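J.: File name work-v5.cif; file contents mmCIF, N, CA and C atoms; full text below.
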data_data
#
loop_
_atom_site.label_atom_id
_atom_site.label_comp_id
_atom_site.auth_asym_id
_atom_site.auth_seq_id
_atom_site.Cartn_x
_atom_site.Cartn_y
_atom_site.Cartn_z
N MET C 1 144.21 205.78 -133.04
CA MET C 1 142.92 205.52 -132.43
C MET C 1 143.03 205.78 -130.92
N SER C 2 142.11 206.54 -130.39
CA SER C 2 142.11 206.77 -128.95
C SER C 2 141.54 205.56 -128.24
N ARG C 3 141.91 205.40 -127.00
CA ARG C 3 141.41 204.26 -126.23
C ARG C 3 139.97 204.50 -125.82
N PRO C 4 139.18 203.45 -125.82
CA PRO C 4 137.78 203.61 -125.44
C PRO C 4 137.62 203.80 -123.93
N LEU C 5 136.49 204.34 -123.56
CA LEU C 5 136.14 204.47 -122.15
C LEU C 5 135.63 203.13 -121.64
N PHE C 6 135.96 202.84 -120.39
CA PHE C 6 135.54 201.59 -119.76
C PHE C 6 134.59 201.88 -118.60
N LEU C 7 134.08 200.82 -118.04
CA LEU C 7 133.10 200.88 -116.95
C LEU C 7 133.56 201.80 -115.82
N HIS C 8 134.77 201.60 -115.31
CA HIS C 8 135.23 202.39 -114.16
C HIS C 8 135.35 203.88 -114.51
N GLN C 9 135.72 204.19 -115.74
CA GLN C 9 135.85 205.59 -116.14
C GLN C 9 134.49 206.28 -116.22
N LEU C 10 133.50 205.57 -116.73
CA LEU C 10 132.16 206.15 -116.80
C LEU C 10 131.54 206.26 -115.41
N ASP C 11 131.81 205.28 -114.54
CA ASP C 11 131.35 205.39 -113.15
C ASP C 11 131.96 206.60 -112.45
N GLU C 12 133.24 206.85 -112.70
CA GLU C 12 133.90 208.03 -112.13
C GLU C 12 133.27 209.32 -112.66
N ALA C 13 132.91 209.34 -113.92
CA ALA C 13 132.27 210.52 -114.52
C ALA C 13 130.90 210.77 -113.87
N VAL C 14 130.17 209.71 -113.58
CA VAL C 14 128.87 209.86 -112.90
C VAL C 14 129.09 210.45 -111.51
N GLU C 15 130.11 209.97 -110.80
CA GLU C 15 130.41 210.48 -109.45
C GLU C 15 130.79 211.96 -109.48
N ARG C 16 131.54 212.38 -110.51
CA ARG C 16 131.93 213.80 -110.63
C ARG C 16 130.72 214.68 -110.91
N GLY C 17 129.73 214.13 -111.60
CA GLY C 17 128.55 214.92 -111.93
C GLY C 17 128.74 215.67 -113.23
N CYS C 18 127.75 216.44 -113.57
CA CYS C 18 127.73 217.18 -114.82
C CYS C 18 128.87 218.20 -114.85
N GLN C 19 129.58 218.24 -115.95
CA GLN C 19 130.69 219.18 -116.13
C GLN C 19 130.36 220.27 -117.16
N THR C 20 129.12 220.30 -117.62
CA THR C 20 128.72 221.28 -118.62
C THR C 20 128.49 222.63 -117.94
N PRO C 21 129.21 223.67 -118.38
CA PRO C 21 129.03 224.99 -117.76
C PRO C 21 127.58 225.47 -117.88
N ASN C 22 127.07 226.05 -116.82
CA ASN C 22 125.72 226.64 -116.76
C ASN C 22 124.59 225.64 -116.97
N CYS C 23 124.85 224.36 -116.75
CA CYS C 23 123.80 223.35 -116.91
C CYS C 23 122.80 223.49 -115.77
N ARG C 24 121.52 223.53 -116.10
CA ARG C 24 120.47 223.71 -115.10
C ARG C 24 119.66 222.44 -114.87
N HIS C 25 120.06 221.34 -115.50
CA HIS C 25 119.33 220.09 -115.35
C HIS C 25 119.65 219.42 -114.02
N ALA C 26 118.66 218.77 -113.46
CA ALA C 26 118.87 217.96 -112.26
C ALA C 26 119.35 216.59 -112.72
N HIS C 27 120.57 216.23 -112.35
CA HIS C 27 121.15 214.96 -112.77
C HIS C 27 121.07 213.95 -111.64
N GLY C 28 120.79 212.73 -112.01
CA GLY C 28 120.74 211.64 -111.03
C GLY C 28 121.99 210.81 -111.13
N ARG C 29 121.81 209.54 -111.32
CA ARG C 29 122.92 208.59 -111.40
C ARG C 29 123.20 208.21 -112.85
N GLU C 30 123.09 209.16 -113.74
CA GLU C 30 123.37 208.90 -115.15
C GLU C 30 124.07 210.10 -115.77
N ILE C 31 124.71 209.85 -116.89
CA ILE C 31 125.30 210.94 -117.67
C ILE C 31 124.96 210.71 -119.14
N PHE C 32 124.82 211.80 -119.87
CA PHE C 32 124.64 211.74 -121.31
C PHE C 32 125.97 212.05 -121.95
N LEU C 33 126.36 211.26 -122.93
CA LEU C 33 127.60 211.49 -123.65
C LEU C 33 127.27 212.39 -124.83
N THR C 34 127.62 213.66 -124.68
CA THR C 34 127.24 214.68 -125.65
C THR C 34 128.46 215.38 -126.22
N PRO C 35 128.36 215.93 -127.42
CA PRO C 35 129.50 216.66 -127.99
C PRO C 35 129.69 218.01 -127.32
N LEU C 36 130.94 218.38 -127.14
CA LEU C 36 131.25 219.71 -126.60
C LEU C 36 131.09 220.79 -127.67
N CYS C 37 131.30 220.40 -128.93
CA CYS C 37 131.24 221.37 -130.01
C CYS C 37 129.81 221.86 -130.29
N HIS C 38 128.82 220.99 -130.15
CA HIS C 38 127.42 221.35 -130.37
C HIS C 38 126.56 220.72 -129.27
N PRO C 39 126.64 221.25 -128.04
CA PRO C 39 125.85 220.67 -126.94
C PRO C 39 124.36 220.66 -127.31
N GLY C 40 123.71 219.57 -127.02
CA GLY C 40 122.30 219.47 -127.33
C GLY C 40 122.03 219.05 -128.76
N GLY C 41 123.09 218.78 -129.53
CA GLY C 41 122.91 218.42 -130.93
C GLY C 41 122.77 216.93 -131.19
N GLY C 42 123.06 216.12 -130.20
CA GLY C 42 122.96 214.67 -130.38
C GLY C 42 124.20 214.09 -131.03
N VAL C 43 124.22 212.78 -131.15
CA VAL C 43 125.38 212.09 -131.68
C VAL C 43 124.99 211.06 -132.75
N ARG C 44 126.00 210.66 -133.49
CA ARG C 44 125.93 209.50 -134.39
C ARG C 44 126.64 208.37 -133.66
N VAL C 45 126.14 207.15 -133.81
CA VAL C 45 126.76 205.99 -133.18
C VAL C 45 127.32 205.10 -134.28
N GLU C 46 128.63 204.83 -134.19
CA GLU C 46 129.30 203.99 -135.19
C GLU C 46 129.82 202.73 -134.52
N ASP C 47 129.57 201.58 -135.11
CA ASP C 47 130.15 200.34 -134.61
C ASP C 47 131.62 200.31 -135.01
N LEU C 48 132.47 200.04 -134.04
CA LEU C 48 133.90 199.92 -134.32
C LEU C 48 134.29 198.46 -134.18
N ASP C 49 135.03 197.96 -135.11
CA ASP C 49 135.48 196.58 -135.02
C ASP C 49 136.53 196.48 -133.92
N ALA C 50 136.30 195.57 -132.99
CA ALA C 50 137.28 195.34 -131.92
C ALA C 50 138.48 194.62 -132.53
N LEU C 51 139.65 195.05 -132.17
CA LEU C 51 140.85 194.43 -132.69
C LEU C 51 141.04 193.06 -132.05
N HIS C 52 141.52 192.14 -132.81
CA HIS C 52 141.70 190.77 -132.33
C HIS C 52 142.62 190.75 -131.11
N GLY C 53 142.22 190.02 -130.09
CA GLY C 53 143.06 189.85 -128.91
C GLY C 53 142.82 190.87 -127.81
N LEU C 54 141.95 191.84 -128.03
CA LEU C 54 141.68 192.81 -126.99
C LEU C 54 140.61 192.26 -126.06
N PRO C 55 140.63 192.65 -124.79
CA PRO C 55 139.75 192.03 -123.81
C PRO C 55 138.29 192.50 -123.82
N TRP C 56 137.91 193.34 -124.73
CA TRP C 56 136.50 193.71 -124.82
C TRP C 56 135.94 193.20 -126.14
N ALA C 57 134.66 192.93 -126.15
CA ALA C 57 134.04 192.27 -127.31
C ALA C 57 133.75 193.22 -128.46
N ALA C 58 133.42 194.45 -128.14
CA ALA C 58 133.04 195.41 -129.19
C ALA C 58 133.25 196.82 -128.66
N ALA C 59 133.12 197.77 -129.54
CA ALA C 59 133.22 199.18 -129.16
C ALA C 59 132.35 200.00 -130.09
N VAL C 60 131.90 201.14 -129.58
CA VAL C 60 131.17 202.09 -130.41
C VAL C 60 131.90 203.42 -130.37
N GLY C 61 131.81 204.12 -131.48
CA GLY C 61 132.34 205.47 -131.56
C GLY C 61 131.19 206.44 -131.62
N LEU C 62 131.28 207.51 -130.87
CA LEU C 62 130.25 208.54 -130.88
C LEU C 62 130.82 209.78 -131.56
N ARG C 63 130.06 210.33 -132.50
CA ARG C 63 130.46 211.54 -133.21
C ARG C 63 129.35 212.57 -133.12
N CYS C 64 129.74 213.84 -133.16
CA CYS C 64 128.77 214.92 -133.17
C CYS C 64 127.87 214.78 -134.39
N TRP C 65 126.57 214.92 -134.19
CA TRP C 65 125.61 214.79 -135.28
C TRP C 65 125.83 215.88 -136.33
N ARG C 66 126.19 217.06 -135.90
CA ARG C 66 126.30 218.20 -136.83
C ARG C 66 127.63 218.26 -137.57
N CYS C 67 128.75 218.16 -136.85
CA CYS C 67 130.05 218.36 -137.50
C CYS C 67 130.90 217.10 -137.59
N HIS C 68 130.43 216.00 -137.06
CA HIS C 68 131.09 214.69 -137.14
C HIS C 68 132.39 214.59 -136.34
N ARG C 69 132.65 215.52 -135.44
CA ARG C 69 133.84 215.41 -134.60
C ARG C 69 133.67 214.25 -133.63
N PRO C 70 134.76 213.54 -133.35
CA PRO C 70 134.68 212.45 -132.38
C PRO C 70 134.31 212.97 -130.99
N VAL C 71 133.42 212.26 -130.32
CA VAL C 71 133.01 212.60 -128.96
C VAL C 71 133.67 211.63 -127.99
N ALA C 72 133.51 210.34 -128.22
CA ALA C 72 134.09 209.32 -127.35
C ALA C 72 133.98 207.96 -128.01
N GLN C 73 134.75 207.03 -127.50
CA GLN C 73 134.61 205.63 -127.84
C GLN C 73 134.33 204.89 -126.55
N VAL C 74 133.47 203.88 -126.60
CA VAL C 74 133.10 203.13 -125.39
C VAL C 74 133.27 201.64 -125.68
N ALA C 75 133.97 200.95 -124.77
CA ALA C 75 134.15 199.50 -124.87
C ALA C 75 132.90 198.80 -124.35
N LEU C 76 132.46 197.76 -125.05
CA LEU C 76 131.22 197.05 -124.71
C LEU C 76 131.48 195.56 -124.49
N THR C 77 130.59 194.91 -123.74
CA THR C 77 130.71 193.47 -123.52
C THR C 77 130.20 192.68 -124.71
N THR C 78 129.28 193.25 -125.49
CA THR C 78 128.75 192.61 -126.70
C THR C 78 128.56 193.69 -127.76
N ARG C 79 128.39 193.27 -128.99
CA ARG C 79 128.12 194.24 -130.06
C ARG C 79 126.80 194.95 -129.80
N LEU C 80 126.73 196.18 -130.21
CA LEU C 80 125.51 196.97 -130.06
C LEU C 80 124.54 196.57 -131.14
N ALA C 81 123.42 196.00 -130.74
CA ALA C 81 122.38 195.59 -131.69
C ALA C 81 121.25 196.61 -131.62
N ARG C 82 121.31 197.58 -132.53
CA ARG C 82 120.29 198.63 -132.54
C ARG C 82 119.05 198.16 -133.27
N THR C 83 117.90 198.49 -132.70
CA THR C 83 116.62 198.22 -133.33
C THR C 83 115.91 199.55 -133.50
N PRO C 84 116.11 200.21 -134.65
CA PRO C 84 115.43 201.49 -134.84
C PRO C 84 113.91 201.30 -134.76
N ALA C 85 113.32 201.82 -133.71
CA ALA C 85 111.88 201.65 -133.47
C ALA C 85 111.08 202.83 -134.00
N CYS C 86 111.77 203.83 -134.51
CA CYS C 86 111.08 204.98 -135.07
C CYS C 86 111.65 205.25 -136.46
N ARG C 87 111.06 206.16 -137.16
CA ARG C 87 111.50 206.45 -138.53
C ARG C 87 112.16 207.82 -138.66
N HIS C 88 112.60 208.37 -137.56
CA HIS C 88 113.15 209.72 -137.62
C HIS C 88 114.52 209.78 -138.29
N GLY C 89 115.37 208.80 -138.02
CA GLY C 89 116.69 208.81 -138.63
C GLY C 89 117.50 210.03 -138.26
N SER C 90 117.24 210.57 -137.08
CA SER C 90 117.93 211.79 -136.68
C SER C 90 118.95 211.49 -135.59
N ALA C 91 119.44 212.54 -134.99
CA ALA C 91 120.46 212.43 -133.96
C ALA C 91 119.99 211.53 -132.81
N LEU C 92 120.97 210.95 -132.14
CA LEU C 92 120.68 210.04 -131.03
C LEU C 92 121.18 210.61 -129.72
N ASP C 93 120.55 210.17 -128.63
CA ASP C 93 121.04 210.42 -127.28
C ASP C 93 121.69 209.14 -126.80
N VAL C 94 122.83 209.26 -126.13
CA VAL C 94 123.50 208.11 -125.55
C VAL C 94 123.69 208.40 -124.07
N MET C 95 123.08 207.55 -123.23
CA MET C 95 123.11 207.74 -121.79
C MET C 95 123.82 206.57 -121.14
N TYR C 96 124.64 206.87 -120.13
CA TYR C 96 125.28 205.83 -119.33
C TYR C 96 124.67 205.86 -117.95
N SER C 97 124.28 204.68 -117.46
CA SER C 97 123.73 204.56 -116.12
C SER C 97 123.88 203.12 -115.65
N ALA C 98 124.37 202.94 -114.44
CA ALA C 98 124.45 201.63 -113.78
C ALA C 98 125.09 200.56 -114.67
N GLY C 99 126.18 200.90 -115.33
CA GLY C 99 126.92 199.93 -116.11
C GLY C 99 126.41 199.69 -117.51
N LYS C 100 125.38 200.43 -117.91
CA LYS C 100 124.79 200.21 -119.24
C LYS C 100 124.75 201.49 -120.06
N LEU C 101 124.90 201.30 -121.36
CA LEU C 101 124.78 202.38 -122.32
C LEU C 101 123.41 202.23 -123.00
N THR C 102 122.64 203.29 -123.03
CA THR C 102 121.32 203.27 -123.66
C THR C 102 121.31 204.27 -124.81
N VAL C 103 120.92 203.79 -125.99
CA VAL C 103 120.85 204.62 -127.18
C VAL C 103 119.38 204.86 -127.50
N SER C 104 119.00 206.13 -127.66
CA SER C 104 117.60 206.45 -127.95
C SER C 104 117.51 207.57 -128.98
N CYS C 105 116.37 207.63 -129.64
CA CYS C 105 116.11 208.68 -130.62
C CYS C 105 116.02 210.02 -129.88
N ARG C 106 116.72 211.00 -130.38
CA ARG C 106 116.72 212.31 -129.74
C ARG C 106 115.36 213.00 -129.88
N ARG C 107 114.64 212.67 -130.93
CA ARG C 107 113.37 213.33 -131.22
C ARG C 107 112.20 212.76 -130.42
N CYS C 108 112.04 211.43 -130.44
CA CYS C 108 110.88 210.82 -129.77
C CYS C 108 111.25 210.01 -128.53
N HIS C 109 112.56 209.89 -128.25
CA HIS C 109 113.09 209.23 -127.06
C HIS C 109 112.84 207.72 -127.03
N THR C 110 112.53 207.11 -128.16
CA THR C 110 112.36 205.67 -128.23
C THR C 110 113.72 205.00 -128.10
N VAL C 111 113.81 204.04 -127.19
CA VAL C 111 115.07 203.33 -126.96
C VAL C 111 115.35 202.38 -128.12
N GLN C 112 116.56 202.49 -128.67
CA GLN C 112 116.96 201.64 -129.80
C GLN C 112 117.89 200.51 -129.36
N ALA C 113 118.58 200.68 -128.24
CA ALA C 113 119.50 199.64 -127.77
C ALA C 113 119.93 199.93 -126.35
N THR C 114 120.22 198.85 -125.64
CA THR C 114 120.83 198.92 -124.32
C THR C 114 121.89 197.82 -124.27
N VAL C 115 123.09 198.18 -123.83
CA VAL C 115 124.19 197.22 -123.82
C VAL C 115 125.08 197.52 -122.61
N GLU C 116 125.76 196.49 -122.11
CA GLU C 116 126.64 196.66 -120.95
C GLU C 116 128.00 197.17 -121.39
N VAL C 117 128.55 198.06 -120.58
CA VAL C 117 129.88 198.61 -120.83
C VAL C 117 130.91 197.62 -120.27
N ALA C 118 131.98 197.44 -121.00
CA ALA C 118 133.01 196.47 -120.61
C ALA C 118 133.88 197.01 -119.48
N PRO C 119 134.20 196.15 -118.51
CA PRO C 119 135.18 196.54 -117.48
C PRO C 119 136.58 196.51 -118.08
N TYR C 120 137.48 197.27 -117.50
CA TYR C 120 138.86 197.27 -117.98
C TYR C 120 139.56 196.01 -117.52
N VAL C 121 140.19 195.34 -118.46
CA VAL C 121 141.01 194.17 -118.17
C VAL C 121 142.34 194.39 -118.90
N PRO C 122 143.46 194.42 -118.18
CA PRO C 122 144.73 194.64 -118.87
C PRO C 122 144.97 193.58 -119.94
N ALA C 123 145.44 194.03 -121.09
CA ALA C 123 145.68 193.09 -122.22
C ALA C 123 146.95 192.29 -122.00
#
Using structure tokens, write down the structure that the file contains.

T.:
Amino acid sequence: MSRPLFLHQLDEAVERGCQTPNCRHAHGREIFLTPLCHPGGGVRVEDLDALHGLPWAAAVGLRCWRCHRPVAQVALTTRLARTPACRHGSALDVMYSAGKLTVSCRRCHTVQATVEVAPYVPA
């Protein structure tokens, strides 16, 4: 299992800016966690059980919507409680901004969840 991303790592990624070649979007203080294999394809969000004794409460795994390749894992302060507000059941967008992860429908952009990213604490 790869280690999840923490608050400081996502903040550093925001500071670096977009790393997608030929990206023409104007980026602010947020980043979208997207698959490299199918850019623009969206992701699946999987709840990962936090192992007992680890300093973060929960984690999510992001996989490419099309080919299911792992994109990233993110450590969270609480479990992700998704409230599907639409009926699309399609790929999701996951955005990081100001310490929070926001999950929304890729099709209609309805927000399904917002949760705080866990800071790194040595185990």

J.: Name all residues at most 12 Å from C:Gly28 (count only C-alpha atoms; drop same-chain ones fewer than 5 positions away) and give them as a PDB file with N, CA and C atoms, keeping the file's coordinate frame.

T.:
ATOM      1  N   VAL C  14     130.170 209.710-113.580  1.00  0.00           N
ATOM      2  CA  VAL C  14     128.870 209.860-112.900  1.00  0.00           C
ATOM      3  C   VAL C  14     129.090 210.450-111.510  1.00  0.00           C
ATOM      4  N   GLU C  15     130.110 209.970-110.800  1.00  0.00           N
ATOM      5  CA  GLU C  15     130.410 210.480-109.450  1.00  0.00           C
ATOM      6  C   GLU C  15     130.790 211.960-109.480  1.00  0.00           C
ATOM      7  N   ARG C  16     131.540 212.380-110.510  1.00  0.00           N
ATOM      8  CA  ARG C  16     131.930 213.800-110.630  1.00  0.00           C
ATOM      9  C   ARG C  16     130.720 214.680-110.910  1.00  0.00           C
ATOM     10  N   GLY C  17     129.730 214.130-111.600  1.00  0.00           N
ATOM     11  CA  GLY C  17     128.550 214.920-111.930  1.00  0.00           C
ATOM     12  C   GLY C  17     128.740 215.670-113.230  1.00  0.00           C
ATOM     13  N   CYS C  18     127.750 216.440-113.570  1.00  0.00           N
ATOM     14  CA  CYS C  18     127.730 217.180-114.820  1.00  0.00           C
ATOM     15  C   CYS C  18     128.870 218.200-114.850  1.00  0.00           C
ATOM     16  N   MET C  95     123.080 207.550-123.230  1.00  0.00           N
ATOM     17  CA  MET C  95     123.110 207.740-121.790  1.00  0.00           C
ATOM     18  C   MET C  95     123.820 206.570-121.140  1.00  0.00           C
ATOM     19  N   TYR C  96     124.640 206.870-120.130  1.00  0.00           N
ATOM     20  CA  TYR C  96     125.280 205.830-119.330  1.00  0.00           C
ATOM     21  C   TYR C  96     124.670 205.860-117.950  1.00  0.00           C
ATOM     22  N   SER C  97     124.280 204.680-117.460  1.00  0.00           N
ATOM     23  CA  SER C  97     123.730 204.560-116.120  1.00  0.00           C
ATOM     24  C   SER C  97     123.880 203.120-115.650  1.00  0.00           C
ATOM     25  N   ALA C  98     124.370 202.940-114.440  1.00  0.00           N
ATOM     26  CA  ALA C  98     124.450 201.630-113.780  1.00  0.00           C
ATOM     27  C   ALA C  98     125.090 200.560-114.670  1.00  0.00           C
TER      28      ALA C  98
END

J.: For the structure provided, state which residues fall under the PyMOL selection byres ((chain C and resi 46) around 7), and present them as a VMD selection string.

T.: chain C and resid 44 to 45 47 to 48 59 to 63

J.: Please report the interatomic distance between atom N of C:Thr34 and atom C of C:Pro55 in Å with one decimal.

T.: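 Computing it gives 23.7 Å between the two atoms.
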
J.: Go through the shown structure with the PyMOL selection byres ((chain C and resi 66-79) around 7) and write out the matching residues as a PDB file with N, CA and C atoms, keeping the file's coordinate frame.

T.:
ATOM      1  N   SER C   2     142.110 206.540-130.390  1.00  0.00           N
ATOM      2  CA  SER C   2     142.110 206.770-128.950  1.00  0.00           C
ATOM      3  C   SER C   2     141.540 205.560-128.240  1.00  0.00           C
ATOM      4  N   ARG C   3     141.910 205.400-127.000  1.00  0.00           N
ATOM      5  CA  ARG C   3     141.410 204.260-126.230  1.00  0.00           C
ATOM      6  C   ARG C   3     139.970 204.500-125.820  1.00  0.00           C
ATOM      7  N   PRO C   4     139.180 203.450-125.820  1.00  0.00           N
ATOM      8  CA  PRO C   4     137.780 203.610-125.440  1.00  0.00           C
ATOM      9  C   PRO C   4     137.620 203.800-123.930  1.00  0.00           C
ATOM     10  N   LEU C   5     136.490 204.340-123.560  1.00  0.00           N
ATOM     11  CA  LEU C   5     136.140 204.470-122.150  1.00  0.00           C
ATOM     12  C   LEU C   5     135.630 203.130-121.640  1.00  0.00           C
ATOM     13  N   PHE C   6     135.960 202.840-120.390  1.00  0.00           N
ATOM     14  CA  PHE C   6     135.540 201.590-119.760  1.00  0.00           C
ATOM     15  C   PHE C   6     134.590 201.880-118.600  1.00  0.00           C
ATOM     16  N   LEU C   7     134.080 200.820-118.040  1.00  0.00           N
ATOM     17  CA  LEU C   7     133.100 200.880-116.950  1.00  0.00           C
ATOM     18  C   LEU C   7     133.560 201.800-115.820  1.00  0.00           C
ATOM     19  N   THR C  34     127.620 213.660-124.680  1.00  0.00           N
ATOM     20  CA  THR C  34     127.240 214.680-125.650  1.00  0.00           C
ATOM     21  C   THR C  34     128.460 215.380-126.220  1.00  0.00           C
ATOM     22  N   PRO C  35     128.360 215.930-127.420  1.00  0.00           N
ATOM     23  CA  PRO C  35     129.500 216.660-127.990  1.00  0.00           C
ATOM     24  C   PRO C  35     129.690 218.010-127.320  1.00  0.00           C
ATOM     25  N   LEU C  36     130.940 218.380-127.140  1.00  0.00           N
ATOM     26  CA  LEU C  36     131.250 219.710-126.600  1.00  0.00           C
ATOM     27  C   LEU C  36     131.090 220.790-127.670  1.00  0.00           C
ATOM     28  N   GLY C  41     123.090 218.780-129.530  1.00  0.00           N
ATOM     29  CA  GLY C  41     122.910 218.420-130.930  1.00  0.00           C
ATOM     30  C   GLY C  41     122.770 216.930-131.190  1.00  0.00           C
ATOM     31  N   GLY C  42     123.060 216.120-130.200  1.00  0.00           N
ATOM     32  CA  GLY C  42     122.960 214.670-130.380  1.00  0.00           C
ATOM     33  C   GLY C  42     124.200 214.090-131.030  1.00  0.00           C
ATOM     34  N   VAL C  43     124.220 212.780-131.150  1.00  0.00           N
ATOM     35  CA  VAL C  43     125.380 212.090-131.680  1.00  0.00           C
ATOM     36  C   VAL C  43     124.990 211.060-132.750  1.00  0.00           C
ATOM     37  N   ARG C  44     126.000 210.660-133.490  1.00  0.00           N
ATOM     38  CA  ARG C  44     125.930 209.500-134.390  1.00  0.00           C
ATOM     39  C   ARG C  44     126.640 208.370-133.660  1.00  0.00           C
ATOM     40  N   TRP C  56     137.910 193.340-124.730  1.00  0.00           N
ATOM     41  CA  TRP C  56     136.500 193.710-124.820  1.00  0.00           C
ATOM     42  C   TRP C  56     135.940 193.200-126.140  1.00  0.00           C
ATOM     43  N   ALA C  57     134.660 192.930-126.150  1.00  0.00           N
ATOM     44  CA  ALA C  57     134.040 192.270-127.310  1.00  0.00           C
ATOM     45  C   ALA C  57     133.750 193.220-128.460  1.00  0.00           C
ATOM     46  N   ALA C  58     133.420 194.450-128.140  1.00  0.00           N
ATOM     47  CA  ALA C  58     133.040 195.410-129.190  1.00  0.00           C
ATOM     48  C   ALA C  58     133.250 196.820-128.660  1.00  0.00           C
ATOM     49  N   ALA C  59     133.120 197.770-129.540  1.00  0.00           N
ATOM     50  CA  ALA C  59     133.220 199.180-129.160  1.00  0.00           C
ATOM     51  C   ALA C  59     132.350 200.000-130.090  1.00  0.00           C
ATOM     52  N   VAL C  60     131.900 201.140-129.580  1.00  0.00           N
ATOM     53  CA  VAL C  60     131.170 202.090-130.410  1.00  0.00           C
ATOM     54  C   VAL C  60     131.900 203.420-130.370  1.00  0.00           C
ATOM     55  N   GLY C  61     131.810 204.120-131.480  1.00  0.00           N
ATOM     56  CA  GLY C  61     132.340 205.470-131.560  1.00  0.00           C
ATOM     57  C   GLY C  61     131.190 206.440-131.620  1.00  0.00           C
ATOM     58  N   LEU C  62     131.280 207.510-130.870  1.00  0.00           N
ATOM     59  CA  LEU C  62     130.250 208.540-130.880  1.00  0.00           C
ATOM     60  C   LEU C  62     130.820 209.780-131.560  1.00  0.00           C
ATOM     61  N   ARG C  63     130.060 210.330-132.500  1.00  0.00           N
ATOM     62  CA  ARG C  63     130.460 211.540-133.210  1.00  0.00           C
ATOM     63  C   ARG C  63     129.350 212.570-133.120  1.00  0.00           C
ATOM     64  N   CYS C  64     129.740 213.840-133.160  1.00  0.00           N
ATOM     65  CA  CYS C  64     128.770 214.920-133.170  1.00  0.00           C
ATOM     66  C   CYS C  64     127.870 214.780-134.390  1.00  0.00           C
ATOM     67  N   TRP C  65     126.570 214.920-134.190  1.00  0.00           N
ATOM     68  CA  TRP C  65     125.610 214.790-135.280  1.00  0.00           C
ATOM     69  C   TRP C  65     125.830 215.880-136.330  1.00  0.00           C
ATOM     70  N   LEU C  80     126.730 196.180-130.210  1.00  0.00           N
ATOM     71  CA  LEU C  80     125.510 196.970-130.060  1.00  0.00           C
ATOM     72  C   LEU C  80     124.540 196.570-131.140  1.00  0.00           C
ATOM     73  N   ALA C  81     123.420 196.000-130.740  1.00  0.00           N
ATOM     74  CA  ALA C  81     122.380 195.590-131.690  1.00  0.00           C
ATOM     75  C   ALA C  81     121.250 196.610-131.620  1.00  0.00           C
ATOM     76  N   ARG C  82     121.310 197.580-132.530  1.00  0.00           N
ATOM     77  CA  ARG C  82     120.290 198.630-132.540  1.00  0.00           C
ATOM     78  C   ARG C  82     119.050 198.160-133.270  1.00  0.00           C
ATOM     79  N   VAL C 115     123.090 198.180-123.830  1.00  0.00           N
ATOM     80  CA  VAL C 115     124.190 197.220-123.820  1.00  0.00           C
ATOM     81  C   VAL C 115     125.080 197.520-122.610  1.00  0.00           C
ATOM     82  N   GLU C 116     125.760 196.490-122.110  1.00  0.00           N
ATOM     83  CA  GLU C 116     126.640 196.660-120.950  1.00  0.00           C
ATOM     84  C   GLU C 116     128.000 197.170-121.390  1.00  0.00           C
ATOM     85  N   VAL C 117     128.550 198.060-120.580  1.00  0.00           N
ATOM     86  CA  VAL C 117     129.880 198.610-120.830  1.00  0.00           C
ATOM     87  C   VAL C 117     130.910 197.620-120.270  1.00  0.00           C
ATOM     88  N   ALA C 118     131.980 197.440-121.000  1.00  0.00           N
ATOM     89  CA  ALA C 118     133.010 196.470-120.610  1.00  0.00           C
ATOM     90  C   ALA C 118     133.880 197.010-119.480  1.00  0.00           C
ATOM     91  N   PRO C 119     134.200 196.150-118.510  1.00  0.00           N
ATOM     92  CA  PRO C 119     135.180 196.540-117.480  1.00  0.00           C
ATOM     93  C   PRO C 119     136.580 196.510-118.080  1.00  0.00           C
TER      94      PRO C 119
END

J.: I want to know what sits within 7 Å of C:Cys105, based on only C-alpha atoms, with residues of the same chain fewer than 5 positions away left out; could you give that as a JSON list (two decimals) with N, CA and C atoms, in the coordinates of the input?

T.:
[["chain", "number", "residue", "atom", "x", "y", "z"],
["C", 91, "ALA", "N", 119.44, 212.54, -134.99],
["C", 91, "ALA", "CA", 120.46, 212.43, -133.96],
["C", 91, "ALA", "C", 119.99, 211.53, -132.81],
["C", 92, "LEU", "N", 120.97, 210.95, -132.14],
["C", 92, "LEU", "CA", 120.68, 210.04, -131.03],
["C", 92, "LEU", "C", 121.18, 210.61, -129.72],
["C", 93, "ASP", "N", 120.55, 210.17, -128.63],
["C", 93, "ASP", "CA", 121.04, 210.42, -127.28],
["C", 93, "ASP", "C", 121.69, 209.14, -126.80],
["C", 110, "THR", "N", 112.53, 207.11, -128.16],
["C", 110, "THR", "CA", 112.36, 205.67, -128.23],
["C", 110, "THR", "C", 113.72, 205.00, -128.10],
["C", 111, "VAL", "N", 113.81, 204.04, -127.19],
["C", 111, "VAL", "CA", 115.07, 203.33, -126.96],
["C", 111, "VAL", "C", 115.35, 202.38, -128.12]]

J.: List every residue of chain C that DSSP, applied to the backbone, labels as alpha helix (DSSP H), and write the result as an MDAnalysis selection string.

T.: chainID C and resid 7:16

J.: What does the distance between atom CA of C:Val121 and atom N of C:Val94 come to in Å, to one decimal place?

T.: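 Those two atoms sit 24.9 Å apart.
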
J.: Got a sec: who's within 6 Å of C:Thr83, counting all atoms listed in the file, leaving out chain neighbours fewer than 2 positions off, as an MDAnalysis selection string?

T.: chainID C and resid 81 85 112:113

J.: Which centre and which edge lengths, in Å to one decimal, describe the axis-aligned box that holds all listed atoms of stretch 82-101 of chain C after 3 Å is added on each side, as AutoDock Vina command-line options?

T.:
--center_x 119.0 --center_y 205.1 --center_z -126.2 --size_x 21.9 --size_y 21.0 --size_z 30.9

J.: Rounded to one decimal place, report the atom C of C:Leu101-atom N of C:Cys86 distance in Å.

T.: 16.4 Å
